[in-house]
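Notes follow the structure.
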Amino acid sequence: MRVGFNPNKDKSQERNVFSHHIVIPVYIPDQEGYFKDSFEILKLCLTSLFRTCHKKTYITIVNNGSSKLVIEYLDNLYNEKKIHELIHVTNIGYINAMLKGITGQNFDLITTADADVLFLEGWQEETYNVFENFSRAGAVCPTPSSRMLRTHTANLYWNFLFSKRMRFKTVINPDALRKFGTSIGHYDFYNEVQLRKHLTISNNNQLAVVGAGHFVVTYRADIFNVLKSRHTEYVLGGGSDDLFDIPVIEKGFWRLSTADNYTYHMGNVVEEWMYNEVSRLRPSKEESTFQLSSVQAESKLAYLIKNKIFGRFILNKKILRKFLIQKGLTPDEARIYL
């Protein structure tokens, strides 16, 4: 039985004061084996996030079936208003947890991040600089990767095929690349040439690196307005990353990274340098004035031509090597690069 009239019916939502949404799924079922240091890694991750994001940042944590100890920690952060939204679910998988976190809110930008990301000062500002100077930026990673130049990048090569604005430049922070390789258990992840040079585009003295990784990425929120799928059968991997990658290029946007390194992937083992990096961070006091410009999505035909037809041609290793030579590599470097 219902008596009376619900006072919230037909009532408009209060104006949203936030502009940037960050979603982090957390899965730490225990503190043993693979997950032995994961709880401490999570604390470093969230501490670095709290100290580096501006006040218009809305933080959502999705507890994806973690242990009681982790749940109590996250509940305390929520009660202390350090995080704005806390969603508790059983282990539904990384991508499904991420999808649950990005819905129900309205923001210009959405950052998806793993629970082992260490955020550095300036990561938001530099991400915004890329969006501001490259109007077709759709996804921006604050850690550049020399190895991402063949992953969903064909539309960039179409646009900059003969442009001098796309050139190889010197890697600003090769040590950060080495740290990433170590964090995934592969110290030699980048070869000698990839550690020295990466492919960039430029505009208004702003550089961006071609391609974007997955462990932390900031997207135009409107990319997710119409998702073809809101669920994946995979807990992790299995091509499920395409649920976020493909919508970017389908709408004609670019996957880019900042030229310098502004986040670290920590992995699952705590190291002393992580504490040192976090100890140097000071709480951000700046208010963000950035406003994301509206850009019209491209047609389905443009997507097919640039990414399917042209992409099959330009991303062929032999052809791409010749293209990389045109963009600044020597023949020997191009052979080693891919």
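Chain labels run A, B, ... following the order of the structure tokens; each chain numbers its residues from 1, and ligands are numbered from 1 in the order shown.
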
Sorted by chain and rising residue number, list the residues of range 47-102 of chain A at most 12 Å from range 249-262 of chain A (counting only C-alpha atoms), each with its closest atom pair and distance in Å to one decimal, as CSV.
residue,atom,partner,partner_atom,distance
A:Ser48,CA,A:Tyr262,CA,11.4
A:Leu49,CA,A:Tyr262,CA,11.7
A:Thr52,CA,A:Tyr262,CA,10.5

- Test item: residues at most 12 Å from His21 in chain A, only C-alpha atoms, excluding those fewer than 3 positions along its chain, as a VMD selection string: chain A and resid 16 to 18 24 53 to 61 83 to 85 101 to 113 124 217 to 221

- Message: So, with only C-alpha atoms as the atoms that count, which of A:Ile87, A:Leu77, A:Met266, A:Val62 lies closest to Leu44 in chain A?
- Response: A:Met266

- Apply DSSP to the structure's backbone, then extract all residues of range 16-141 of chain A labelled alpha helix (DSSP H) and return them as a VMD selection string. chain A and resid 38 to 52 68 to 79 94 to 102 123 to 133

- Query: Any idea what the distance is between CA of Ala297 in chain A and CA of Phe244 in chain A?
  - Reply: 15.9 Å

- Those of range 163-313 of chain A in DSSP strand (DSSP E), formatted as a PyMOL selection string: chain A and resi 166-170+197-203+206-210+216-220+254-258+263-265

Preceding selection exported with N, CA, C and O atoms as a short mmCIF file (atom, residue, chain, number, x, y, z; two decimals), in the first residue's frame:
data_model
loop_
_atom_site.label_atom_id
_atom_site.label_comp_id
_atom_site.auth_asym_id
_atom_site.auth_seq_id
_atom_site.Cartn_x
_atom_site.Cartn_y
_atom_site.Cartn_z
N MET A 166 53.50 14.89 -37.12
CA MET A 166 53.71 13.56 -36.55
C MET A 166 55.17 13.17 -36.79
O MET A 166 55.59 12.96 -37.92
N ARG A 167 55.94 13.11 -35.71
CA ARG A 167 57.36 12.79 -35.80
C ARG A 167 57.80 12.00 -34.57
O ARG A 167 57.17 12.07 -33.51
N PHE A 168 58.89 11.28 -34.72
CA PHE A 168 59.51 10.64 -33.57
C PHE A 168 60.26 11.68 -32.75
O PHE A 168 60.96 12.54 -33.30
N LYS A 169 60.09 11.62 -31.44
CA LYS A 169 60.78 12.51 -30.51
C LYS A 169 61.49 11.68 -29.45
O LYS A 169 61.20 10.50 -29.24
N THR A 170 62.40 12.32 -28.74
CA THR A 170 63.14 11.64 -27.68
C THR A 170 62.23 11.36 -26.48
O THR A 170 61.48 12.24 -26.04
N LYS A 197 63.10 6.59 -28.32
CA LYS A 197 62.24 7.37 -29.20
C LYS A 197 60.80 6.88 -29.16
O LYS A 197 60.56 5.67 -29.05
N HIS A 198 59.87 7.82 -29.24
CA HIS A 198 58.48 7.42 -29.41
C HIS A 198 57.80 8.36 -30.41
O HIS A 198 58.21 9.50 -30.62
N LEU A 199 56.72 7.86 -31.02
CA LEU A 199 56.02 8.59 -32.07
C LEU A 199 55.05 9.58 -31.45
O LEU A 199 54.23 9.21 -30.60
N THR A 200 55.12 10.84 -31.87
CA THR A 200 54.31 11.89 -31.27
C THR A 200 53.58 12.69 -32.34
O THR A 200 53.92 12.67 -33.52
N ILE A 201 52.56 13.41 -31.90
CA ILE A 201 51.93 14.45 -32.71
C ILE A 201 52.04 15.75 -31.92
O ILE A 201 52.16 15.74 -30.68
N SER A 202 52.03 16.87 -32.63
CA SER A 202 52.20 18.16 -31.96
C SER A 202 51.14 19.15 -32.42
O SER A 202 50.62 19.08 -33.54
N ASN A 203 50.85 20.09 -31.53
CA ASN A 203 49.94 21.19 -31.84
C ASN A 203 50.11 22.25 -30.76
O ASN A 203 50.10 21.95 -29.56
N GLN A 206 52.32 21.70 -27.90
CA GLN A 206 51.93 20.59 -27.04
C GLN A 206 52.21 19.27 -27.76
O GLN A 206 51.84 19.10 -28.93
N LEU A 207 52.87 18.35 -27.07
CA LEU A 207 53.14 17.04 -27.63
C LEU A 207 52.21 16.00 -27.01
O LEU A 207 51.83 16.09 -25.84
N ALA A 208 51.87 15.00 -27.80
CA ALA A 208 51.16 13.82 -27.29
C ALA A 208 51.75 12.60 -27.98
O ALA A 208 52.14 12.66 -29.16
N VAL A 209 51.83 11.51 -27.26
CA VAL A 209 52.38 10.27 -27.81
C VAL A 209 51.25 9.46 -28.43
O VAL A 209 50.14 9.37 -27.89
N VAL A 210 51.53 8.88 -29.59
CA VAL A 210 50.54 8.08 -30.31
C VAL A 210 50.24 6.80 -29.54
O VAL A 210 51.15 6.07 -29.14
N VAL A 216 45.53 2.91 -16.81
CA VAL A 216 44.86 4.13 -16.38
C VAL A 216 44.63 4.99 -17.63
O VAL A 216 45.57 5.30 -18.35
N VAL A 217 43.37 5.31 -17.89
CA VAL A 217 43.01 6.06 -19.10
C VAL A 217 41.87 7.02 -18.76
O VAL A 217 40.94 6.67 -18.03
N THR A 218 41.95 8.23 -19.34
CA THR A 218 40.86 9.20 -19.20
C THR A 218 40.13 9.30 -20.53
O THR A 218 40.75 9.55 -21.57
N TYR A 219 38.80 9.12 -20.49
CA TYR A 219 37.98 9.12 -21.69
C TYR A 219 37.03 10.31 -21.72
O TYR A 219 36.62 10.82 -20.67
N ARG A 220 36.67 10.72 -22.92
CA ARG A 220 35.50 11.57 -23.08
C ARG A 220 34.29 10.76 -22.60
O ARG A 220 34.04 9.66 -23.09
N TRP A 254 40.78 9.86 -31.08
CA TRP A 254 42.15 9.32 -31.06
C TRP A 254 42.51 8.82 -29.68
O TRP A 254 42.10 9.37 -28.66
N ARG A 255 43.37 7.79 -29.66
CA ARG A 255 43.94 7.27 -28.41
C ARG A 255 45.36 7.82 -28.30
O ARG A 255 46.22 7.53 -29.14
N LEU A 256 45.61 8.62 -27.26
CA LEU A 256 46.88 9.33 -27.09
C LEU A 256 47.40 9.18 -25.66
O LEU A 256 46.67 8.71 -24.77
N SER A 257 48.64 9.60 -25.45
CA SER A 257 49.23 9.63 -24.11
C SER A 257 49.98 10.94 -23.91
O SER A 257 50.34 11.61 -24.88
N THR A 258 50.18 11.29 -22.65
CA THR A 258 50.99 12.47 -22.35
C THR A 258 52.43 12.20 -22.74
O THR A 258 52.87 11.05 -22.78
N THR A 263 51.98 8.78 -14.17
CA THR A 263 51.48 7.70 -13.31
C THR A 263 52.44 6.51 -13.42
O THR A 263 53.09 6.32 -14.44
N TYR A 264 52.47 5.72 -12.35
CA TYR A 264 53.24 4.48 -12.37
C TYR A 264 52.31 3.29 -12.16
O TYR A 264 51.32 3.39 -11.41
N HIS A 265 52.64 2.20 -12.81
CA HIS A 265 51.97 0.93 -12.54
C HIS A 265 52.81 0.20 -11.50
O HIS A 265 53.97 -0.12 -11.76
#

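CA of Cys141 in chain A is found 27.2 Å from CA of Thr330 in chain A.
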
- Task: Would you mind telling me which residue in A:Ile92, A:Val70, A:Leu304, A:Leu320 lies nearest to Leu42 in chain A when using only C-alpha atoms?
- Result: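 So, comparing all the options, the nearest one is A:Val70.
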
- Message: Could you list, as an NGL selection string, every residue within 6 Å of range 183-186 of chain A, counting only C-alpha atoms and ignoring same-chain residues fewer than 2 positions away?
- Response: :A and (180-181 or 188-189 or 266-267)

- Task: With a distance cut-off of 12 Å and only C-alpha atoms, select the neighbouring residues of Asn276 in chain A, excluding the residue or stretch itself and same-chain residues fewer than 4 positions from it, and output the selection as a ChimeraX atom specification.
- Result: /A:44,48,118,120,270-272,280-281

Please provide the set of residues having any atom within 12 Å of Glu132 in chain A, restricted to only C-alpha atoms, with same-chain residues fewer than 4 positions apart removed, written as a short mmCIF file (atom, residue, chain, number, x, y, z; two decimals) with N, CA, C and O atoms, in the first residue's frame.
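Final file, part_30.cif:
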data_model
loop_
_atom_site.label_atom_id
_atom_site.label_comp_id
_atom_site.auth_asym_id
_atom_site.auth_seq_id
_atom_site.Cartn_x
_atom_site.Cartn_y
_atom_site.Cartn_z
N GLU A 125 46.23 17.81 -14.95
CA GLU A 125 46.51 19.00 -15.76
C GLU A 125 47.10 18.62 -17.12
O GLU A 125 46.70 19.16 -18.16
N GLU A 126 48.04 17.68 -17.13
CA GLU A 126 48.66 17.28 -18.40
C GLU A 126 47.69 16.51 -19.27
O GLU A 126 47.72 16.62 -20.50
N THR A 127 46.83 15.73 -18.65
CA THR A 127 45.77 15.04 -19.40
C THR A 127 44.86 16.06 -20.06
O THR A 127 44.51 15.94 -21.24
N TYR A 128 44.47 17.10 -19.30
CA TYR A 128 43.61 18.14 -19.85
C TYR A 128 44.30 18.89 -20.99
O TYR A 128 43.66 19.27 -21.98
N ARG A 136 40.33 16.04 -31.17
CA ARG A 136 39.82 14.70 -31.43
C ARG A 136 40.36 13.66 -30.45
O ARG A 136 40.14 12.45 -30.63
N ALA A 137 41.06 14.11 -29.41
CA ALA A 137 41.49 13.17 -28.37
C ALA A 137 40.26 12.57 -27.70
O ALA A 137 39.37 13.29 -27.24
N GLY A 138 40.21 11.26 -27.66
CA GLY A 138 39.07 10.59 -27.03
C GLY A 138 39.46 9.79 -25.81
O GLY A 138 38.65 9.54 -24.92
N VAL A 140 43.06 9.38 -23.19
CA VAL A 140 44.41 9.86 -22.89
C VAL A 140 44.97 9.11 -21.70
O VAL A 140 44.35 9.07 -20.63
N ASN A 203 50.85 20.09 -31.53
CA ASN A 203 49.94 21.19 -31.84
C ASN A 203 50.11 22.25 -30.76
O ASN A 203 50.10 21.95 -29.56
N ASN A 204 50.30 23.50 -31.19
CA ASN A 204 50.45 24.61 -30.24
C ASN A 204 51.54 24.33 -29.19
O ASN A 204 51.37 24.60 -28.01
N GLN A 206 52.32 21.70 -27.90
CA GLN A 206 51.93 20.59 -27.04
C GLN A 206 52.21 19.27 -27.76
O GLN A 206 51.84 19.10 -28.93
N LEU A 207 52.87 18.35 -27.07
CA LEU A 207 53.14 17.04 -27.63
C LEU A 207 52.21 16.00 -27.01
O LEU A 207 51.83 16.09 -25.84
N ALA A 208 51.87 15.00 -27.80
CA ALA A 208 51.16 13.82 -27.29
C ALA A 208 51.75 12.60 -27.98
O ALA A 208 52.14 12.66 -29.16
N ARG A 220 36.67 10.72 -22.92
CA ARG A 220 35.50 11.57 -23.08
C ARG A 220 34.29 10.76 -22.60
O ARG A 220 34.04 9.66 -23.09
N THR A 289 39.62 24.66 -13.92
CA THR A 289 38.79 25.52 -14.77
C THR A 289 38.64 24.93 -16.16
O THR A 289 38.06 25.56 -17.05
N PHE A 290 39.17 23.72 -16.35
CA PHE A 290 39.15 23.10 -17.68
C PHE A 290 37.72 22.76 -18.09
O PHE A 290 36.93 22.25 -17.30
N GLN A 291 37.42 23.07 -19.35
CA GLN A 291 36.14 22.70 -19.92
C GLN A 291 36.39 21.93 -21.22
O GLN A 291 37.06 22.43 -22.13
N LEU A 292 35.85 20.75 -21.31
CA LEU A 292 36.04 19.91 -22.49
C LEU A 292 35.20 20.44 -23.64
O LEU A 292 34.00 20.66 -23.51
N SER A 293 35.85 20.66 -24.77
CA SER A 293 35.13 21.17 -25.94
C SER A 293 34.30 20.05 -26.57
O SER A 293 34.67 18.88 -26.55
N SER A 294 33.17 20.44 -27.13
CA SER A 294 32.29 19.48 -27.78
C SER A 294 32.76 19.25 -29.22
O SER A 294 33.01 20.20 -29.95
N VAL A 295 32.90 18.00 -29.60
CA VAL A 295 33.36 17.64 -30.94
C VAL A 295 32.41 16.59 -31.51
O VAL A 295 32.08 15.62 -30.84
#

- Using only C-alpha atoms, which residues sit within 6 Å of Asn155 in chain A once same-chain residues fewer than 3 positions away are excluded, as a ChimeraX atom specification? /A:158,306-307

- Choose the residue, out of A:Leu301, A:Ser288, A:Thr47, A:Ile246, that has the smallest atom-to-atom separation from His20 in chain A; count only C-alpha atoms.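 Among the listed residues, the smallest separation from His20 in chain A belongs to A:Ser288.
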
- Item | Long-range neighbours of range 35-41 of chain A as a PyMOL selection string, 6 Å cut-off, only C-alpha atoms, 5 positions minimum in chain | chain A and resi 116+268-269

Export of the given selection (N, CA, C and O atoms) as a PDB file, in the first residue's frame:
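Below is the file part-v4.pdb, written as the result:
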ATOM      1  N   ASP A 116      46.326  -0.509  -8.656  1.00  0.00           N
ATOM      2  CA  ASP A 116      47.767  -0.470  -8.368  1.00  0.00           C
ATOM      3  C   ASP A 116      48.447   0.664  -9.138  1.00  0.00           C
ATOM      4  O   ASP A 116      49.616   0.573  -9.493  1.00  0.00           O
ATOM      5  N   ASN A 268      52.124  -5.957  -8.013  1.00  0.00           N
ATOM      6  CA  ASN A 268      51.611  -6.550  -6.766  1.00  0.00           C
ATOM      7  C   ASN A 268      52.673  -6.741  -5.687  1.00  0.00           C
ATOM      8  O   ASN A 268      52.452  -7.463  -4.719  1.00  0.00           O
ATOM      9  N   VAL A 269      53.827  -6.098  -5.862  1.00  0.00           N
ATOM     10  CA  VAL A 269      54.887  -6.186  -4.850  1.00  0.00           C
ATOM     11  C   VAL A 269      55.300  -4.779  -4.428  1.00  0.00           C
ATOM     12  O   VAL A 269      55.656  -3.944  -5.266  1.00  0.00           O
TER      13      VAL A 269
END

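The interatomic distance for the pair CA of Leu86 in chain A and CA of Asn225 in chain A works out to 21.9 Å.
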
- Compare A:Gln194, A:Gln326, A:Gln31, A:Ser299 by their minimum atom-to-atom distance to Arg147 in chain A, counting only C-alpha atoms, and give me the closest one.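 Closest residue, counting only C-alpha atoms: A:Gln194.
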
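For the residues A:Asn191, A:Pro142, A:Leu156, A:Phe215, ranking by smallest atom-to-atom distance to Val23 in chain A using only C-alpha atoms places A:Phe215 first.
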